[in-house]
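**Q** Below is the file run-v9.tsv, with TSV, N, CA and C atoms.
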```
chain	number	residue	atom	x	y	z
B	26	GLN	N	7.90	0.12	-19.02
B	26	GLN	CA	7.55	-0.90	-18.05
B	26	GLN	C	7.69	-0.32	-16.65
B	27	VAL	N	6.58	-0.25	-15.95
B	27	VAL	CA	6.59	0.25	-14.58
B	27	VAL	C	6.90	-0.89	-13.64
B	28	ASP	N	7.85	-0.69	-12.78
B	28	ASP	CA	8.18	-1.66	-11.74
B	28	ASP	C	7.98	-1.03	-10.38
B	29	LEU	N	7.50	-1.84	-9.46
B	29	LEU	CA	7.31	-1.41	-8.08
B	29	LEU	C	8.06	-2.37	-7.18
B	30	VAL	N	8.84	-1.82	-6.27
B	30	VAL	CA	9.61	-2.66	-5.35
B	30	VAL	C	9.34	-2.22	-3.92
B	31	GLU	N	8.80	-3.13	-3.14
B	31	GLU	CA	8.51	-2.85	-1.73
B	31	GLU	C	9.68	-3.31	-0.85
B	32	THR	N	9.91	-2.56	0.18
B	32	THR	CA	10.88	-2.93	1.20
B	32	THR	C	10.32	-2.55	2.56
B	33	GLY	N	10.93	-3.13	3.60
B	33	GLY	CA	10.58	-2.73	4.95
B	33	GLY	C	9.86	-3.77	5.77
B	34	GLY	N	9.48	-4.87	5.15
B	34	GLY	CA	8.81	-5.92	5.90
B	34	GLY	C	9.77	-6.63	6.84
B	35	GLY	N	9.20	-7.49	7.68
B	35	GLY	CA	10.04	-8.24	8.61
B	35	GLY	C	9.22	-8.82	9.74
B	36	LEU	N	9.93	-9.30	10.74
B	36	LEU	CA	9.31	-9.89	11.92
B	36	LEU	C	9.37	-8.90	13.07
B	37	VAL	N	8.21	-8.59	13.63
B	37	VAL	CA	8.15	-7.66	14.76
B	37	VAL	C	7.23	-8.24	15.82
B	38	GLN	N	7.31	-7.67	17.01
B	38	GLN	CA	6.44	-8.09	18.10
B	38	GLN	C	5.17	-7.26	18.11
B	39	ALA	N	4.14	-7.82	18.68
B	39	ALA	CA	2.88	-7.11	18.81
B	39	ALA	C	3.10	-5.77	19.50
B	40	GLY	N	2.45	-4.75	18.98
B	40	GLY	CA	2.58	-3.42	19.53
B	40	GLY	C	3.61	-2.56	18.83
B	41	ALA	N	4.42	-3.18	18.01
B	41	ALA	CA	5.48	-2.45	17.33
B	41	ALA	C	4.95	-1.66	16.14
B	42	SER	N	5.81	-0.83	15.60
B	42	SER	CA	5.52	-0.07	14.39
B	42	SER	C	6.45	-0.54	13.28
B	43	LEU	N	5.99	-0.32	12.06
B	43	LEU	CA	6.80	-0.72	10.90
B	43	LEU	C	6.51	0.24	9.77
B	44	SER	N	7.53	0.57	9.01
B	44	SER	CA	7.35	1.48	7.88
B	44	SER	C	7.76	0.75	6.61
B	45	LEU	N	6.84	0.70	5.66
B	45	LEU	CA	7.10	0.09	4.37
B	45	LEU	C	7.34	1.18	3.33
B	46	SER	N	8.17	0.86	2.35
B	46	SER	CA	8.44	1.78	1.24
B	46	SER	C	8.20	1.06	-0.07
B	47	CYS	N	7.82	1.82	-1.07
B	47	CYS	CA	7.60	1.28	-2.41
B	47	CYS	C	8.18	2.26	-3.41
B	48	VAL	N	9.16	1.81	-4.15
B	48	VAL	CA	9.81	2.66	-5.13
B	48	VAL	C	9.32	2.29	-6.52
B	49	MET	N	8.91	3.30	-7.26
B	49	MET	CA	8.47	3.11	-8.65
B	49	MET	C	9.61	3.44	-9.60
B	50	SER	N	9.84	2.58	-10.57
B	50	SER	CA	10.78	2.86	-11.64
B	50	SER	C	10.09	2.63	-12.97
B	51	GLY	N	10.57	3.32	-14.00
B	51	GLY	CA	9.98	3.17	-15.31
B	51	GLY	C	8.68	3.92	-15.49
B	52	GLY	N	8.32	4.73	-14.53
B	52	GLY	CA	7.07	5.48	-14.62
B	52	GLY	C	7.14	6.73	-13.78
B	53	ASP	N	6.14	7.57	-13.90
B	53	ASP	CA	6.06	8.83	-13.17
B	53	ASP	C	4.99	8.70	-12.09
B	54	LEU	N	5.44	8.72	-10.86
B	54	LEU	CA	4.51	8.53	-9.74
B	54	LEU	C	3.38	9.56	-9.75
B	55	SER	N	3.63	10.74	-10.28
B	55	SER	CA	2.62	11.80	-10.28
B	55	SER	C	1.44	11.49	-11.21
B	56	LYS	N	1.53	10.45	-12.00
B	56	LYS	CA	0.46	10.09	-12.94
B	56	LYS	C	-0.38	8.91	-12.43
B	57	TYR	N	-0.10	8.44	-11.23
B	57	TYR	CA	-0.79	7.25	-10.74
B	57	TYR	C	-1.39	7.48	-9.36
B	58	SER	N	-2.52	6.86	-9.14
B	58	SER	CA	-3.00	6.66	-7.78
B	58	SER	C	-2.29	5.42	-7.25
B	59	MET	N	-1.98	5.44	-5.97
B	59	MET	CA	-1.19	4.36	-5.39
B	59	MET	C	-1.95	3.73	-4.22
B	60	GLY	N	-1.74	2.44	-4.08
B	60	GLY	CA	-2.41	1.74	-3.00
B	60	GLY	C	-1.49	0.75	-2.33
B	61	TRP	N	-1.79	0.49	-1.08
B	61	TRP	CA	-1.16	-0.60	-0.33
B	61	TRP	C	-2.26	-1.63	-0.05
B	62	PHE	N	-1.94	-2.87	-0.34
B	62	PHE	CA	-2.84	-3.98	-0.09
B	62	PHE	C	-2.13	-5.02	0.76
B	63	ARG	N	-2.89	-5.92	1.32
B	63	ARG	CA	-2.27	-7.02	2.04
B	63	ARG	C	-3.07	-8.30	1.80
B	64	GLN	N	-2.37	-9.40	1.93
B	64	GLN	CA	-3.02	-10.69	1.76
B	64	GLN	C	-2.47	-11.67	2.79
B	65	ALA	N	-3.34	-12.11	3.66
B	65	ALA	CA	-2.98	-13.11	4.65
B	65	ALA	C	-3.25	-14.50	4.08
B	66	PRO	N	-2.61	-15.51	4.61
B	66	PRO	CA	-2.82	-16.87	4.09
B	66	PRO	C	-4.29	-17.27	4.11
B	67	GLY	N	-4.77	-17.75	2.98
B	67	GLY	CA	-6.14	-18.21	2.89
B	67	GLY	C	-7.18	-17.13	2.80
B	68	LYS	N	-6.74	-15.88	2.68
B	68	LYS	CA	-7.69	-14.76	2.63
B	68	LYS	C	-7.53	-13.98	1.33
B	69	ASP	N	-8.55	-13.21	1.01
B	69	ASP	CA	-8.49	-12.36	-0.17
B	69	ASP	C	-7.57	-11.17	0.08
B	70	ARG	N	-7.07	-10.64	-1.02
B	70	ARG	CA	-6.27	-9.42	-0.91
B	70	ARG	C	-7.19	-8.26	-0.56
B	71	GLU	N	-6.78	-7.44	0.38
B	71	GLU	CA	-7.61	-6.32	0.83
B	71	GLU	C	-6.80	-5.03	0.84
B	72	VAL	N	-7.53	-3.95	0.64
B	72	VAL	CA	-6.88	-2.64	0.61
B	72	VAL	C	-6.56	-2.19	2.03
B	73	VAL	N	-5.36	-1.70	2.21
B	73	VAL	CA	-4.96	-1.10	3.48
B	73	VAL	C	-5.12	0.41	3.40
B	74	ALA	N	-4.61	0.99	2.31
B	74	ALA	CA	-4.69	2.43	2.13
B	74	ALA	C	-4.48	2.77	0.67
B	75	ALA	N	-5.05	3.89	0.25
B	75	ALA	CA	-4.89	4.34	-1.13
B	75	ALA	C	-4.83	5.86	-1.15
B	76	ILE	N	-4.03	6.38	-2.06
B	76	ILE	CA	-3.90	7.83	-2.21
B	76	ILE	C	-4.17	8.18	-3.66
B	77	ARG	N	-5.06	9.15	-3.85
B	77	ARG	CA	-5.45	9.57	-5.19
B	77	ARG	C	-4.29	10.26	-5.89
B	78	VAL	N	-4.30	10.20	-7.22
B	78	VAL	CA	-3.22	10.77	-8.01
B	78	VAL	C	-2.99	12.25	-7.68
B	79	THR	N	-4.06	12.95	-7.35
B	79	THR	CA	-3.94	14.38	-7.02
B	79	THR	C	-3.36	14.61	-5.64
B	80	GLY	N	-3.32	13.57	-4.84
B	80	GLY	CA	-2.77	13.67	-3.50
B	80	GLY	C	-3.70	14.26	-2.46
B	81	ASP	N	-4.90	14.64	-2.86
B	81	ASP	CA	-5.80	15.32	-1.93
B	81	ASP	C	-6.90	14.43	-1.40
B	82	SER	N	-6.81	13.15	-1.66
B	82	SER	CA	-7.79	12.21	-1.13
B	82	SER	C	-7.09	10.92	-0.76
B	83	ILE	N	-7.37	10.47	0.45
B	83	ILE	CA	-6.78	9.25	0.97
B	83	ILE	C	-7.87	8.37	1.53
B	84	PHE	N	-7.78	7.09	1.27
B	84	PHE	CA	-8.73	6.11	1.80
B	84	PHE	C	-7.96	5.11	2.66
B	85	TYR	N	-8.57	4.77	3.79
B	85	TYR	CA	-8.00	3.74	4.64
B	85	TYR	C	-9.00	2.60	4.80
B	86	GLY	N	-8.53	1.39	4.57
B	86	GLY	CA	-9.37	0.24	4.76
B	86	GLY	C	-9.64	0.00	6.23
B	87	GLY	N	-10.73	-0.72	6.51
B	87	GLY	CA	-11.16	-0.90	7.88
B	87	GLY	C	-10.17	-1.60	8.78
B	88	ALA	N	-9.41	-2.55	8.23
B	88	ALA	CA	-8.54	-3.38	9.06
B	88	ALA	C	-7.46	-2.57	9.78
B	89	MET	N	-6.93	-1.54	9.13
B	89	MET	CA	-5.85	-0.78	9.74
B	89	MET	C	-6.18	0.69	9.87
B	90	LYS	N	-7.43	1.03	9.75
B	90	LYS	CA	-7.83	2.43	9.87
B	90	LYS	C	-7.49	2.95	11.25
B	91	GLY	N	-6.84	4.09	11.30
B	91	GLY	CA	-6.44	4.65	12.58
B	91	GLY	C	-5.08	4.18	13.05
B	92	ARG	N	-4.54	3.16	12.39
B	92	ARG	CA	-3.23	2.64	12.76
B	92	ARG	C	-2.22	2.72	11.62
B	93	SER	N	-2.63	3.27	10.49
B	93	SER	CA	-1.73	3.34	9.34
B	93	SER	C	-1.80	4.71	8.70
B	94	ILE	N	-0.70	5.07	8.05
B	94	ILE	CA	-0.62	6.35	7.34
B	94	ILE	C	0.07	6.11	6.01
B	95	ILE	N	-0.59	6.50	4.93
B	95	ILE	CA	0.02	6.42	3.60
B	95	ILE	C	0.52	7.80	3.22
B	96	SER	N	1.67	7.84	2.58
B	96	SER	CA	2.23	9.11	2.12
B	96	SER	C	3.06	8.84	0.88
B	97	ARG	N	3.45	9.90	0.22
B	97	ARG	CA	4.24	9.72	-0.99
B	97	ARG	C	5.23	10.87	-1.14
B	98	ASP	N	6.30	10.60	-1.84
B	98	ASP	CA	7.29	11.60	-2.22
B	98	ASP	C	7.47	11.46	-3.72
B	99	ILE	N	6.82	12.35	-4.46
B	99	ILE	CA	6.84	12.23	-5.92
B	99	ILE	C	8.26	12.38	-6.45
B	100	GLY	N	9.02	13.27	-5.88
B	100	GLY	CA	10.39	13.48	-6.34
B	100	GLY	C	11.24	12.24	-6.22
B	101	LYS	N	10.96	11.44	-5.20
B	101	LYS	CA	11.71	10.21	-4.99
B	101	LYS	C	11.02	9.01	-5.62
B	102	GLY	N	9.83	9.24	-6.17
B	102	GLY	CA	9.10	8.12	-6.77
B	102	GLY	C	8.74	7.05	-5.76
B	103	THR	N	8.44	7.45	-4.56
B	103	THR	CA	8.27	6.51	-3.46
B	103	THR	C	6.96	6.74	-2.72
B	104	VAL	N	6.32	5.64	-2.36
B	104	VAL	CA	5.13	5.66	-1.54
B	104	VAL	C	5.46	4.92	-0.25
B	105	TYR	N	4.92	5.43	0.85
B	105	TYR	CA	5.22	4.87	2.17
B	105	TYR	C	3.94	4.40	2.85
B	106	LEU	N	4.11	3.44	3.73
B	106	LEU	CA	3.02	3.01	4.60
B	106	LEU	C	3.58	2.87	6.01
B	107	GLN	N	3.15	3.75	6.89
B	107	GLN	CA	3.53	3.67	8.29
B	107	GLN	C	2.46	2.88	9.03
B	108	MET	N	2.86	1.84	9.72
B	108	MET	CA	1.91	1.00	10.44
B	108	MET	C	2.26	1.00	11.92
B	109	ASN	N	1.26	1.22	12.75
B	109	ASN	CA	1.48	1.30	14.20
B	109	ASN	C	0.62	0.29	14.94
B	110	SER	N	1.00	0.03	16.17
B	110	SER	CA	0.24	-0.87	17.05
B	110	SER	C	-0.11	-2.19	16.35
B	111	LEU	N	0.89	-2.79	15.79
B	111	LEU	CA	0.67	-4.02	15.02
B	111	LEU	C	0.24	-5.17	15.92
B	112	THR	N	-0.60	-6.03	15.39
B	112	THR	CA	-1.06	-7.22	16.09
B	112	THR	C	-0.80	-8.43	15.19
B	113	PRO	N	-0.87	-9.64	15.75
B	113	PRO	CA	-0.67	-10.83	14.91
B	113	PRO	C	-1.65	-10.90	13.73
B	114	LEU	N	-2.81	-10.27	13.87
B	114	LEU	CA	-3.78	-10.27	12.77
B	114	LEU	C	-3.30	-9.46	11.57
B	115	ASP	N	-2.26	-8.66	11.76
B	115	ASP	CA	-1.70	-7.88	10.67
B	115	ASP	C	-0.66	-8.67	9.88
B	116	THR	N	-0.40	-9.89	10.28
B	116	THR	CA	0.54	-10.73	9.56
B	116	THR	C	0.01	-11.02	8.15
B	117	ALA	N	0.81	-10.67	7.15
B	117	ALA	CA	0.38	-10.81	5.76
B	117	ALA	C	1.53	-10.41	4.84
B	118	VAL	N	1.34	-10.65	3.56
B	118	VAL	CA	2.23	-10.07	2.56
B	118	VAL	C	1.61	-8.74	2.13
B	119	TYR	N	2.39	-7.71	2.17
B	119	TYR	CA	1.92	-6.36	1.83
B	119	TYR	C	2.41	-5.99	0.43
B	120	TYR	N	1.47	-5.53	-0.38
B	120	TYR	CA	1.76	-5.19	-1.76
B	120	TYR	C	1.52	-3.71	-2.02
B	121	CYS	N	2.37	-3.15	-2.85
B	121	CYS	CA	2.20	-1.81	-3.37
B	121	CYS	C	1.64	-1.95	-4.79
B	122	ALA	N	0.75	-1.04	-5.18
B	122	ALA	CA	0.15	-1.13	-6.51
B	122	ALA	C	-0.12	0.26	-7.06
B	123	ALA	N	-0.15	0.33	-8.39
B	123	ALA	CA	-0.38	1.60	-9.08
B	123	ALA	C	-1.59	1.48	-10.01
B	124	ALA	N	-2.43	2.50	-9.98
B	124	ALA	CA	-3.61	2.56	-10.84
B	124	ALA	C	-3.53	3.82	-11.71
B	125	PRO	N	-4.02	3.75	-12.93
B	125	PRO	CA	-4.03	4.95	-13.79
B	125	PRO	C	-4.70	6.11	-13.07
B	126	GLY	N	-4.04	7.25	-13.06
B	126	GLY	CA	-4.54	8.38	-12.29
B	126	GLY	C	-5.77	9.01	-12.90
B	127	ILE	N	-6.85	9.05	-12.14
B	127	ILE	CA	-8.08	9.75	-12.51
B	127	ILE	C	-8.37	10.73	-11.38
B	128	ASP	N	-8.48	12.00	-11.73
B	128	ASP	CA	-8.48	13.05	-10.71
B	128	ASP	C	-9.60	12.92	-9.67
B	129	TYR	N	-10.73	12.33	-10.03
B	129	TYR	CA	-11.87	12.32	-9.11
B	129	TYR	C	-12.10	10.95	-8.47
B	130	ILE	N	-11.14	10.05	-8.60
B	130	ILE	CA	-11.32	8.69	-8.08
B	130	ILE	C	-10.15	8.30	-7.19
B	131	THR	N	-10.47	7.73	-6.04
B	131	THR	CA	-9.46	7.08	-5.20
B	131	THR	C	-9.74	5.59	-5.27
B	132	PRO	N	-9.00	4.87	-6.08
B	132	PRO	CA	-9.32	3.45	-6.28
B	132	PRO	C	-9.03	2.61	-5.05
B	133	THR	N	-9.97	1.75	-4.72
B	133	THR	CA	-9.81	0.89	-3.56
B	133	THR	C	-9.94	-0.59	-3.88
B	134	GLU	N	-10.29	-0.92	-5.10
B	134	GLU	CA	-10.47	-2.32	-5.46
B	134	GLU	C	-9.24	-2.85	-6.19
B	135	VAL	N	-8.95	-4.12	-5.96
B	135	VAL	CA	-7.79	-4.75	-6.57
B	135	VAL	C	-7.81	-4.59	-8.10
B	136	ARG	N	-8.98	-4.76	-8.68
B	136	ARG	CA	-9.09	-4.77	-10.15
B	136	ARG	C	-8.78	-3.41	-10.78
B	137	ALA	N	-8.76	-2.36	-9.97
B	137	ALA	CA	-8.46	-1.03	-10.51
B	137	ALA	C	-6.96	-0.81	-10.74
B	138	TYR	N	-6.15	-1.67	-10.13
B	138	TYR	CA	-4.70	-1.47	-10.16
B	138	TYR	C	-4.05	-2.34	-11.24
B	139	ILE	N	-3.14	-1.74	-11.98
B	139	ILE	CA	-2.56	-2.44	-13.12
B	139	ILE	C	-1.10	-2.85	-12.91
B	140	TYR	N	-0.44	-2.22	-11.97
B	140	TYR	CA	0.94	-2.59	-11.68
B	140	TYR	C	1.04	-2.98	-10.22
B	141	TRP	N	1.78	-4.06	-9.97
B	141	TRP	CA	1.92	-4.59	-8.62
B	141	TRP	C	3.38	-4.90	-8.32
B	142	GLY	N	3.75	-4.66	-7.08
B	142	GLY	CA	5.05	-5.10	-6.62
B	142	GLY	C	5.02	-6.58	-6.27
B	143	GLN	N	6.18	-7.07	-5.88
B	143	GLN	CA	6.28	-8.50	-5.56
B	143	GLN	C	5.84	-8.80	-4.13
B	144	GLY	N	5.66	-7.77	-3.35
B	144	GLY	CA	5.20	-7.94	-1.98
B	144	GLY	C	6.34	-8.02	-0.98
B	145	THR	N	6.04	-7.60	0.23
B	145	THR	CA	6.99	-7.73	1.33
B	145	THR	C	6.24	-8.34	2.51
B	146	ARG	N	6.84	-9.31	3.14
B	146	ARG	CA	6.16	-10.06	4.19
B	146	ARG	C	6.31	-9.38	5.53
B	147	VAL	N	5.20	-9.26	6.22
B	147	VAL	CA	5.18	-8.73	7.59
B	147	VAL	C	4.64	-9.82	8.50
B	148	THR	N	5.42	-10.13	9.51
B	148	THR	CA	5.00	-11.13	10.49
B	148	THR	C	5.02	-10.49	11.87
B	149	VAL	N	3.90	-10.58	12.55
B	149	VAL	CA	3.78	-9.99	13.88
B	149	VAL	C	3.60	-11.12	14.89
B	150	SER	N	4.51	-11.20	15.82
B	150	SER	CA	4.45	-12.25	16.83
B	150	SER	C	3.77	-11.72	18.09
B	151	SER	N	3.13	-12.64	18.80
B	151	SER	CA	2.40	-12.24	20.02
B	151	SER	C	3.30	-12.26	21.25
```
Go through the file and emit its structure as structure tokens.

**A**
Amino acid sequence: QVDLVETGGGLVQAGASLSLSCVMSGGDLSKYSMGWFRQAPGKDREVVAAIRVTGDSIFYGGAMKGRSIISRDIGKGTVYLQMNSLTPLDTAVYYCAAAPGIDYITPTEVRAYIYWGQGTRVTVSS
């Protein structure tokens, strides 16, 4: 049973930076592509960033492109999301997710991911 636990959310002011972490247990991070998603109230879940299982391909969704960085530490079983220049529009619950690793695919759709964390809430005040 793979479990994902996100930490690092909270309340910040506009313009601030925030770093989220996601720890995987019960599985080997090196066998999965990993993604960060977010869901704001009344909106669909959208991809923020994804990293291919091979580590050599990264995708950034439009909403935070240029303001976010995804990284991973396989030894620690942890995936990170660094977010900069936050605005109130970034207010959402942020989820970490794992997809079966396929060497030539960087999954960006929700349906590709089979394991999900419980989410961590990020609130950005103006």

**Q** Between B:Ile83, B:Val72, B:Cys47, B:Val104, single out the one closest to Gly142 in chain B, counting only C-alpha atoms.

**A** B:Cys47

**Q** Using all atoms listed in the file, which of B:Thr116, B:Thr131, B:Ser151, B:Thr32 sits nearest Arg77 in chain B?

**A** B:Thr131

**Q** What's around Ile99 in chain B at 7 Å? Count only N, CA and C atoms, leave out sequence neighbours fewer than 4 positions away in its own chain, and write the answer as a list in words.

**A** Leu54, Ser55 and Thr103 of chain B

**Q** Name the closest residue to Asn109 in chain B among the candidates B:Ser42, B:Asp128, B:Thr148, B:Leu29; distances are taken between atoms, counting only C-alpha atoms.

**A** B:Ser42

**Q** Find, counting only C-alpha atoms, the residue in B:Tyr129, B:Tyr57, B:Trp141, B:Tyr85 that gets nearest to Met108 in chain B.

**A**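 Checking each of B:Tyr129, B:Tyr57, B:Trp141, B:Tyr85 against Met108 in chain B, counting only C-alpha atoms, the winner is B:Tyr85.
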
**Q** Go through B:Leu111, B:Met89, B:Val78, B:Val147 one by one, measure the shortest atom-to-atom distance of each to Ile127 in chain B using only C-alpha atoms, and give the residue with the smallest value.

**A**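 So, comparing all the options, the nearest one is B:Val78.
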
**Q** For atom N of Asp81 in chain B and atom C of Thr112 in chain B, determine how far apart the two atoms are, in Å to one decimal place.

**A** 29.6 Å

**Q** Please identify all polymer residues within 6 Å of Val73 in chain B, counting only C-alpha atoms, omitting same-chain residues fewer than 3 positions from it, and present them as a VMD selection string.

**A** chain B and resid 61 to 62 85 to 86

**Q** Run DSSP on the backbone and give me the residues of chain B it puts in strand (DSSP E), as a ChimeraX atom specification.

**A** /B:28-32,35-38,43-50,57-64,71-76,83-85,93-98,103-108,117-125,140-141,145-150

**Q** Would you place a box with edges along x, y and z of the file around all atoms of range 94-110 of chain B listed there, add 6 Å to each of its six sides, and report the centre and edge lengths in Å to one decimal, as lines of an AutoDock Vina configuration file?

**A**
```
center_x = 5.5
center_y = 5.6
center_z = 5.1
size_x = 24.4
size_y = 27.7
size_z = 35.8
```

**Q** With distances taken over only C-alpha atoms, which of B:Leu106, B:Leu114, B:Ile139, B:Ala124 is nearest to Gly40 in chain B?

**A**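 When distances to Gly40 in chain B are compared using only C-alpha atoms, the smallest one comes from B:Leu114.
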
**Q** Up to 8 Å from (12.1, -11.7, 5.6) in the file's coordinates: name the residues, counting all atoms listed in the file, as a PyMOL selection string.

**A** chain B and resi 34-36+145-148
